[in-house]
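Dumped upload03.cif below, it's mmCIF, C-alpha atoms:
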```cif
data_final
#
loop_
_atom_site.label_atom_id
_atom_site.label_comp_id
_atom_site.auth_asym_id
_atom_site.auth_seq_id
_atom_site.Cartn_x
_atom_site.Cartn_y
_atom_site.Cartn_z
CA MET A 90 -7.12 -14.06 -17.41
CA GLU A 91 -8.71 -16.33 -14.80
CA THR A 92 -7.13 -16.69 -11.38
CA ALA A 93 -7.96 -19.34 -8.79
CA PHE A 94 -9.89 -18.41 -5.65
CA THR A 95 -7.42 -18.82 -2.75
CA PRO A 96 -9.28 -18.00 0.49
CA TRP A 97 -6.84 -19.69 2.91
CA LEU A 98 -3.61 -18.44 1.36
CA SER A 99 -5.12 -14.97 1.08
CA LEU A 100 -6.31 -15.01 4.68
CA GLY A 101 -2.91 -16.27 5.88
CA GLY A 102 -0.98 -13.73 3.80
CA GLY A 103 -3.33 -11.01 5.04
CA MET A 104 -2.65 -12.03 8.64
CA MET A 105 1.10 -11.75 7.96
CA ILE A 106 0.52 -8.21 6.69
CA GLY A 107 -1.37 -7.49 9.91
CA ALA A 108 1.45 -9.01 12.01
CA SER A 109 3.94 -6.80 10.18
CA ALA A 110 1.84 -3.69 10.94
CA VAL A 111 1.63 -4.62 14.64
CA LEU A 112 5.38 -5.37 14.80
CA LEU A 113 6.29 -2.01 13.23
CA MET A 114 3.95 -0.18 15.63
CA ALA A 115 5.28 -2.10 18.64
CA THR A 116 8.94 -1.49 17.85
CA ASN A 117 8.97 1.82 15.94
CA GLY A 118 5.61 3.42 16.75
CA ARG A 119 4.91 3.90 13.07
CA ILE A 120 1.93 3.11 10.83
CA ALA A 121 2.80 0.50 8.17
CA GLY A 122 1.51 2.61 5.31
CA ILE A 123 3.58 1.92 2.21
CA SER A 124 2.92 5.21 0.42
CA GLY A 125 3.75 7.15 3.59
CA LEU A 126 6.92 5.20 4.34
CA THR A 127 8.14 5.28 0.73
CA SER A 128 7.54 8.98 0.22
CA ARG A 129 9.10 9.77 3.59
CA ILE A 130 12.42 8.56 2.20
CA PHE A 131 12.60 11.63 -0.03
CA ALA A 132 10.30 14.11 1.72
CA ARG A 133 11.99 17.37 2.73
CA SER A 134 10.19 17.33 6.07
CA SER A 135 11.64 13.96 7.18
CA ASP A 136 14.41 13.79 9.75
CA GLY A 137 17.29 11.38 9.21
CA GLU A 138 15.90 8.74 11.51
CA ALA A 139 12.44 8.64 9.88
CA ARG A 140 14.19 8.43 6.52
CA GLY A 141 16.40 5.53 7.62
CA VAL A 142 13.62 3.49 9.21
CA SER A 143 11.36 4.02 6.18
CA ALA A 144 14.13 3.05 3.76
CA LEU A 145 14.81 -0.16 5.71
CA PHE A 146 11.14 -1.14 5.71
CA VAL A 147 11.04 -0.64 1.92
CA LEU A 148 14.28 -2.63 1.60
CA GLY A 149 12.53 -5.46 3.46
CA LEU A 150 9.70 -5.34 0.92
CA LEU A 151 12.20 -5.48 -1.92
CA LEU A 152 13.94 -8.52 -0.40
CA ALA A 153 10.74 -10.59 -0.05
CA ALA A 154 10.57 -11.86 -3.65
CA PRO A 155 14.31 -12.72 -3.87
CA LEU A 156 13.98 -14.64 -0.57
CA TRP A 157 10.98 -16.47 -2.06
CA LEU A 158 13.09 -17.36 -5.09
CA LEU A 159 15.90 -18.61 -2.88
CA VAL A 160 13.63 -20.87 -0.83
CA SER A 161 11.23 -22.15 -3.50
CA GLY A 162 13.46 -21.99 -6.56
CA ASP A 163 10.93 -19.90 -8.49
CA TRP A 164 9.73 -16.31 -8.61
CA PRO A 165 6.18 -15.84 -7.28
CA GLU A 166 3.60 -16.40 -10.00
CA GLN A 167 2.37 -13.17 -11.59
CA TRP A 168 0.93 -11.51 -14.65
CA VAL A 169 1.50 -7.78 -15.08
CA PRO A 170 -0.18 -5.55 -17.69
CA SER A 171 2.54 -4.77 -20.24
CA SER A 172 1.29 -1.65 -22.03
CA PRO A 173 3.96 0.96 -21.25
CA VAL A 174 1.62 3.95 -21.60
CA LEU A 175 -1.05 2.37 -19.40
CA MET A 176 1.47 1.41 -16.71
CA ALA A 177 3.11 4.85 -16.75
CA ILE A 178 -0.25 6.57 -16.27
CA ALA A 179 -1.31 4.03 -13.62
CA GLY A 180 1.96 4.55 -11.74
CA LEU A 181 1.62 8.33 -11.75
CA LEU A 182 -2.00 8.18 -10.54
CA VAL A 183 -1.23 5.62 -7.80
CA GLY A 184 1.83 7.48 -6.48
CA PHE A 185 0.29 10.94 -6.61
CA GLY A 186 -3.17 9.94 -5.38
CA ALA A 187 -1.94 7.80 -2.48
CA VAL A 188 0.33 10.50 -1.06
CA PHE A 189 -2.09 13.37 -1.81
CA GLY A 190 -4.88 11.43 -0.07
CA SER A 191 -2.62 10.55 2.91
CA GLY A 192 -2.57 6.79 2.33
CA CYS A 193 -3.08 3.70 0.21
CA THR A 194 -4.43 0.19 0.73
CA SER A 195 -2.13 -0.43 3.71
CA GLY A 196 -2.23 2.93 5.50
CA HIS A 197 -5.96 3.57 5.11
CA GLY A 198 -7.35 0.13 4.22
CA VAL A 199 -5.55 -1.92 6.87
CA CYS A 200 -4.07 0.33 9.58
CA GLY A 201 -6.64 3.14 9.40
CA ILE A 202 -9.69 0.88 9.42
CA SER A 203 -8.14 -1.10 12.28
CA ARG A 204 -7.93 2.12 14.30
CA GLY A 205 -11.54 2.96 13.41
CA SER A 206 -10.43 6.20 11.71
CA ALA A 207 -13.35 7.91 9.91
CA ARG A 208 -10.93 9.47 7.41
CA SER A 209 -9.52 6.07 6.48
CA ILE A 210 -12.96 4.47 6.16
CA VAL A 211 -14.05 7.25 3.79
CA ALA A 212 -10.79 7.05 1.80
CA THR A 213 -11.07 3.25 1.50
CA ILE A 214 -14.67 3.42 0.25
CA VAL A 215 -13.65 6.09 -2.29
CA PHE A 216 -10.58 4.30 -3.68
CA MET A 217 -12.31 0.91 -3.80
CA THR A 218 -15.25 2.45 -5.67
CA ALA A 219 -12.93 4.26 -8.09
CA ALA A 220 -11.02 1.01 -8.73
CA PHE A 221 -14.20 -1.07 -9.29
CA VAL A 222 -15.54 1.58 -11.69
CA THR A 223 -12.22 1.80 -13.56
CA VAL A 224 -12.13 -1.97 -14.16
CA LEU A 225 -15.81 -1.97 -15.16
CA VAL A 226 -15.10 0.74 -17.73
CA THR A 227 -11.83 -0.68 -19.11
CA ARG A 228 -12.95 -4.33 -19.23
CA HIS A 229 -16.62 -4.07 -20.14
CA LEU A 230 -17.52 -0.67 -21.54
CA ILE A 231 -14.59 0.24 -23.81
CA MET B 39 17.36 -2.24 17.09
CA LYS B 40 14.43 -0.31 15.65
CA GLN B 41 16.17 -0.37 12.26
CA ILE B 42 16.43 -4.15 12.32
CA PHE B 43 12.75 -4.45 13.20
CA ALA B 44 11.79 -2.02 10.42
CA LEU B 45 13.63 -4.28 7.96
CA ILE B 46 11.99 -7.44 9.37
CA SER B 47 8.55 -5.80 9.28
CA GLY B 48 9.04 -4.90 5.62
CA LEU B 49 10.14 -8.43 4.82
CA ILE B 50 7.11 -10.01 6.57
CA PHE B 51 4.83 -7.52 4.83
CA GLY B 52 6.30 -8.40 1.42
CA LEU B 53 6.03 -12.16 2.04
CA GLY B 54 2.42 -11.65 3.16
CA LEU B 55 1.70 -9.83 -0.10
CA ILE B 56 3.25 -12.67 -2.12
CA ILE B 57 1.50 -15.51 -0.24
CA SER B 58 -1.87 -13.73 -0.31
CA GLY B 59 -1.66 -13.22 -4.10
CA MET B 60 -1.86 -9.47 -3.80
CA ALA B 61 1.54 -8.98 -5.45
CA ASN B 62 0.02 -10.44 -8.62
CA PRO B 63 -1.88 -7.74 -10.57
CA ALA B 64 -3.92 -10.40 -12.41
CA LYS B 65 -5.50 -11.37 -9.08
CA VAL B 66 -6.10 -7.76 -8.06
CA LEU B 67 -7.74 -6.87 -11.37
CA ASN B 68 -9.94 -9.97 -11.15
CA PHE B 69 -11.00 -8.99 -7.64
CA LEU B 70 -12.03 -5.60 -9.04
CA ASP B 71 -13.87 -7.22 -11.98
CA LEU B 72 -17.22 -7.94 -10.32
CA PHE B 73 -18.95 -8.50 -13.65
CA GLY B 74 -16.29 -10.64 -15.28
CA SER B 75 -13.74 -13.16 -13.98
CA TRP B 76 -14.36 -12.24 -10.33
CA ASP B 77 -11.88 -13.62 -7.79
CA PRO B 78 -12.96 -12.69 -4.22
CA SER B 79 -9.57 -13.65 -2.68
CA LEU B 80 -8.51 -10.10 -1.92
CA ALA B 81 -11.38 -9.55 0.49
CA PHE B 82 -9.72 -12.27 2.59
CA VAL B 83 -6.37 -10.43 2.46
CA MET B 84 -7.83 -7.24 3.85
CA GLY B 85 -10.01 -9.19 6.30
CA GLY B 86 -7.06 -11.24 7.57
CA ALA B 87 -4.91 -8.13 7.95
CA ILE B 88 -7.57 -6.22 9.92
CA LEU B 89 -8.29 -9.30 12.03
CA VAL B 90 -4.71 -9.09 13.36
CA THR B 91 -4.08 -5.34 13.23
CA ALA B 92 -7.23 -4.10 15.00
CA PRO B 93 -6.79 -6.10 18.22
CA GLY B 94 -2.99 -5.71 17.94
CA PHE B 95 -3.10 -1.90 17.83
CA ALA B 96 -5.75 -1.74 20.56
CA TRP B 97 -3.67 -3.97 22.85
CA LEU B 98 -0.40 -2.11 22.14
CA THR B 99 -1.70 1.35 22.86
CA ARG B 100 -3.38 0.11 26.05
CA ALA B 101 -0.53 -2.05 27.37
CA LEU B 102 2.46 0.14 26.48
CA ASP B 103 3.19 3.83 27.08
CA ARG B 104 5.52 3.92 24.13
CA PRO B 105 6.96 1.54 21.50
CA PHE B 106 9.86 -0.70 22.53
CA PHE B 107 12.55 1.24 20.67
CA ASP B 108 11.07 4.71 20.19
CA SER B 109 9.61 7.54 22.25
CA GLU B 110 5.99 7.64 21.06
CA PHE B 111 3.28 5.95 19.00
CA ARG B 112 2.88 8.09 15.89
CA ILE B 113 -0.86 7.75 15.38
CA PRO B 114 -2.36 10.19 12.86
CA ARG B 115 -4.49 12.71 14.75
CA LYS B 116 -6.21 14.41 11.82
CA SER B 117 -9.96 13.88 11.82
CA ASP B 118 -11.34 16.31 9.23
CA LEU B 119 -12.71 14.94 5.96
CA GLU B 120 -11.02 17.48 3.68
CA PRO B 121 -11.47 17.42 -0.11
CA LYS B 122 -7.79 16.51 -0.48
CA LEU B 123 -8.42 13.12 1.16
CA VAL B 124 -11.30 12.24 -1.18
CA VAL B 125 -9.62 13.61 -4.34
CA GLY B 126 -6.41 11.74 -3.57
CA ALA B 127 -8.26 8.48 -2.86
CA ALA B 128 -10.25 8.77 -6.11
CA ILE B 129 -7.06 9.36 -8.14
CA PHE B 130 -5.29 6.49 -6.38
CA GLY B 131 -8.22 4.10 -6.92
CA THR B 132 -8.35 4.91 -10.63
CA GLY B 133 -4.65 4.12 -11.04
CA TRP B 134 -5.04 0.93 -8.99
CA GLY B 135 -7.85 -0.21 -11.30
CA LEU B 136 -5.75 0.55 -14.39
CA GLY B 137 -2.52 -1.21 -13.43
CA GLY B 138 -3.57 -3.66 -10.70
CA PHE B 139 -0.75 -2.41 -8.49
CA CYS B 140 -0.91 -0.37 -5.30
CA PRO B 141 2.41 0.80 -3.77
CA GLY B 142 3.29 -2.24 -1.57
CA PRO B 143 2.76 -4.93 -4.22
CA ALA B 144 4.51 -2.82 -6.88
CA LEU B 145 7.66 -2.54 -4.74
CA THR B 146 7.47 -6.21 -3.74
CA ALA B 147 7.15 -7.27 -7.40
CA LEU B 148 9.95 -4.95 -8.57
CA PRO B 149 12.80 -7.51 -8.31
CA ILE B 150 10.82 -9.94 -10.52
CA ALA B 151 11.36 -7.24 -13.14
CA ALA B 152 8.31 -7.64 -15.39
CA THR B 153 8.26 -4.89 -18.03
CA GLY B 154 5.04 -3.38 -16.70
CA THR B 155 6.44 -3.21 -13.16
CA LEU B 156 9.69 -1.62 -14.31
CA ILE B 157 7.64 1.16 -15.91
CA PHE B 158 5.06 1.47 -13.12
CA VAL B 159 7.44 1.93 -10.17
CA PRO B 160 9.49 4.92 -11.40
CA PHE B 161 6.31 6.73 -12.43
CA MET B 162 4.77 5.92 -9.04
CA LEU B 163 7.81 7.47 -7.32
CA ILE B 164 7.51 10.58 -9.51
CA GLY B 165 3.83 10.84 -8.55
CA MET B 166 4.69 10.47 -4.85
CA TRP B 167 7.41 13.07 -5.11
CA ALA B 168 5.01 15.48 -6.82
CA ALA B 169 2.34 14.98 -4.14
CA ARG B 170 4.87 15.41 -1.31
CA HIS B 171 5.94 18.72 -2.82
CA ALA B 172 2.47 19.88 -3.92
CA PRO B 173 0.94 22.74 -1.95
CA ASP B 174 -2.01 21.84 0.29
CA LYS B 175 -4.37 23.93 -1.78
CA PRO B 176 -3.51 22.94 -5.35
CA PHE B 177 -5.75 25.53 -6.90
CA SER B 178 -4.41 28.57 -5.08
CA LEU B 179 -1.36 30.27 -6.55
CA LYS B 180 -0.34 31.56 -3.14
CA GLY B 181 0.85 28.14 -2.05
CA ALA B 182 2.63 27.34 -5.28
CA THR B 183 6.02 28.61 -4.14
CA GLN B 184 6.19 26.57 -0.92
#
```

Any chance you could put this one into structure tokens?
Amino acid sequence: METAFTPWLSLGGGMMIGASAVLLMATNGRIAGISGLTSRIFARSSDGEARGVSALFVLGLLLAAPLWLLVSGDWPEQWVPSSPVLMAIAGLLVGFGAVFGSGCTSGHGVCGISRGSARSIVATIVFMTAAFVTVLVTRHLI
Amino acid sequence: MKQIFALISGLIFGLGLIISGMANPAKVLNFLDLFGSWDPSLAFVMGGAILVTAPGFAWLTRALDRPFFDSEFRIPRKSDLEPKLVVGAAIFGTGWGLGGFCPGPALTALPIAATGTLIFVPFMLIGMWAARHAPDKPFSLKGATQ
């Protein structure tokens, strides 16, 4: 399925993501890493406050699309792979891998690279490569 | 106060994901498809985010001793490139390439309730739970009872 190249919208949306990361750091002193925040909601090691703040950030994420619907009258445009087996496996790998590797696209790719963290730069190169190879294999070699 | 700002941050983050196109797996998979229907948009998402976050973080940690509503900046201090980091990133990247969702976009797209998303998210949470409770050395039995 073709999608249109949207450099300005993507740049603007990306800058909003950056603004959100700076706002969370300025007010809460926390890294806006989605896998970290989400898993902190149910991690045994979390204290009540970390749990609450993380849950509220995730609630904010969950409210974004309904707010979009309210303002524009339509859900955001999307196409999602529908194979249940594929999506179950993908979900398991994404959830496990992101937490096991201490971060995902936001924690490593945005916040970590912005801090110049060597760990995050390595992790980002590894997960980007793995993702490119996976799409190459599933779309062109199988 | 900090709770309100956590909620607002999440909301801005989610809207950014929607506007940028990153909450749409079709766009993500096309970005990853260099040899097919390549859509370079996502490079602009990450670029735009870093363009704001890098100077923002640098300024914050220089200008403030602590965040406005908390006692300290919780900046990760780890610096070792352990196997766990690389193994986790490789597993995560593979799943991202299969489904076109990473954690933020999957949660943002959840209320739209596409079948694929409704399957992806619970399995993602199971995976996160498993990794949170996995021992640091997965191959040693000693840690298995932690």

Kindly resolve the PyMOL selection byres ((chain B and resi 117) around 10) on the present coordinates and return the residues as a list in words.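 So the PyMOL selection byres ((chain B and resi 117) around 10), applied here, picks out Ser206, Ala207, Arg208 and Ser209 of chain A; Pro114, Arg115, Lys116, Asp118, Leu119 and Glu120 of chain B.
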
Point (-11.9, -16.3, -11.2), cut-off 6 Å, counting all atoms listed in the file, residues as a list in words: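 Every polymer residue passing the test: Glu91, Thr92 and Ala93 of chain A; Ser75, Trp76 and Asp77 of chain B.
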
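Using all atoms listed in the file, the protein and nucleic acid residues lying no more than 8 Å from Gly86 in chain B, apart from those fewer than 3 places from it along its own chain, are Ser99, Leu100, Gly101, Gly102, Gly103, Met104 and Gly107 of chain A; Phe82, Val83, Leu89 and Val90 of chain B.
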
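Proximity of B:Pro173, B:Ile50, B:Pro63, B:Arg100 to Gly135 in chain B, computed with all atoms listed in the file, is greatest for B:Pro63.
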
Which residues fall under the PyMOL selection byres ((chain A and resi 146-161) around 10) in this file, as a PyMOL selection string? (chain A and resi 113+121+123+126-127+130+141-145+162-165) or (chain B and resi 41-57+61+142-150)

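Selection check: the PyMOL selection byres ((chain A and resi 122) around 9) on the shown file gives Ala110, Arg119, Ile120, Ala121, Ile123, Ser124, Gly125, Leu126, Thr127, Gly192, Cys193, Thr194, Ser195, Gly196, His197, Val199 and Cys200 of chain A; Gly142 of chain B.
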
Would you please work out which residue, of A:Ser128, A:Gln167, A:Val111, A:Val188, is nearest to Ala151 in chain B when using only C-alpha atoms?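 For Ala151 in chain B, the nearest of the candidates is A:Gln167.
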
How many Å separate CA of Gly131 in chain B from CA of Ala152 in chain B?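 Computing it gives 22.0 Å between the two atoms.
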
Find the distance between CA of Gly74 in chain B and CA of Val183 in chain A and write it in Å to one decimal.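 According to the coordinates, CA of Gly74 in chain B and CA of Val183 in chain A are separated by 23.4 Å.
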
What separation in Å, quoted to one decimal, exists between CA of Arg129 in chain A and CA of Ala115 in chain A?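 Separating CA of Arg129 in chain A from CA of Ala115 in chain A is a distance of 19.5 Å.
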
Residue nearest Gly190 in chain A among B:Phe130, B:Phe161, B:Trp97, B:Trp167 (counting only C-alpha atoms):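 Comparing B:Phe130, B:Phe161, B:Trp97, B:Trp167 against Gly190 in chain A, the winner is B:Phe130.
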
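Of the listed residues B:Ser79, B:Asn68, B:Asn62, B:Thr91, the one whose atoms come nearest to Leu98 in chain A is B:Ser79, with distances taken using all atoms listed in the file.
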
With all atoms listed in the file as the basis for distance, which of B:Gly154, B:Gly59, B:Pro160, B:Pro105 is at the shortest distance from Phe94 in chain A? B:Gly59

Centre and edge lengths of an axis-aligned box around all listed atoms of range 95-102 of chain B, with 8 Å added on each side, are to be given in Å to one decimal, as AutoDock Vina command-line options.
```
--center_x -1.6 --center_y -1.3 --center_z 22.6 --size_x 24.2 --size_y 21.3 --size_z 25.5
```

Go through B:Leu123, B:Phe111, B:Phe139, B:Pro93 one by one, measure the shortest atom-to-atom distance of each to Lys65 in chain B using all atoms listed in the file, and give the residue with the smallest value.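 Checking each candidate against Lys65 in chain B, we get B:Phe139 as the closest.
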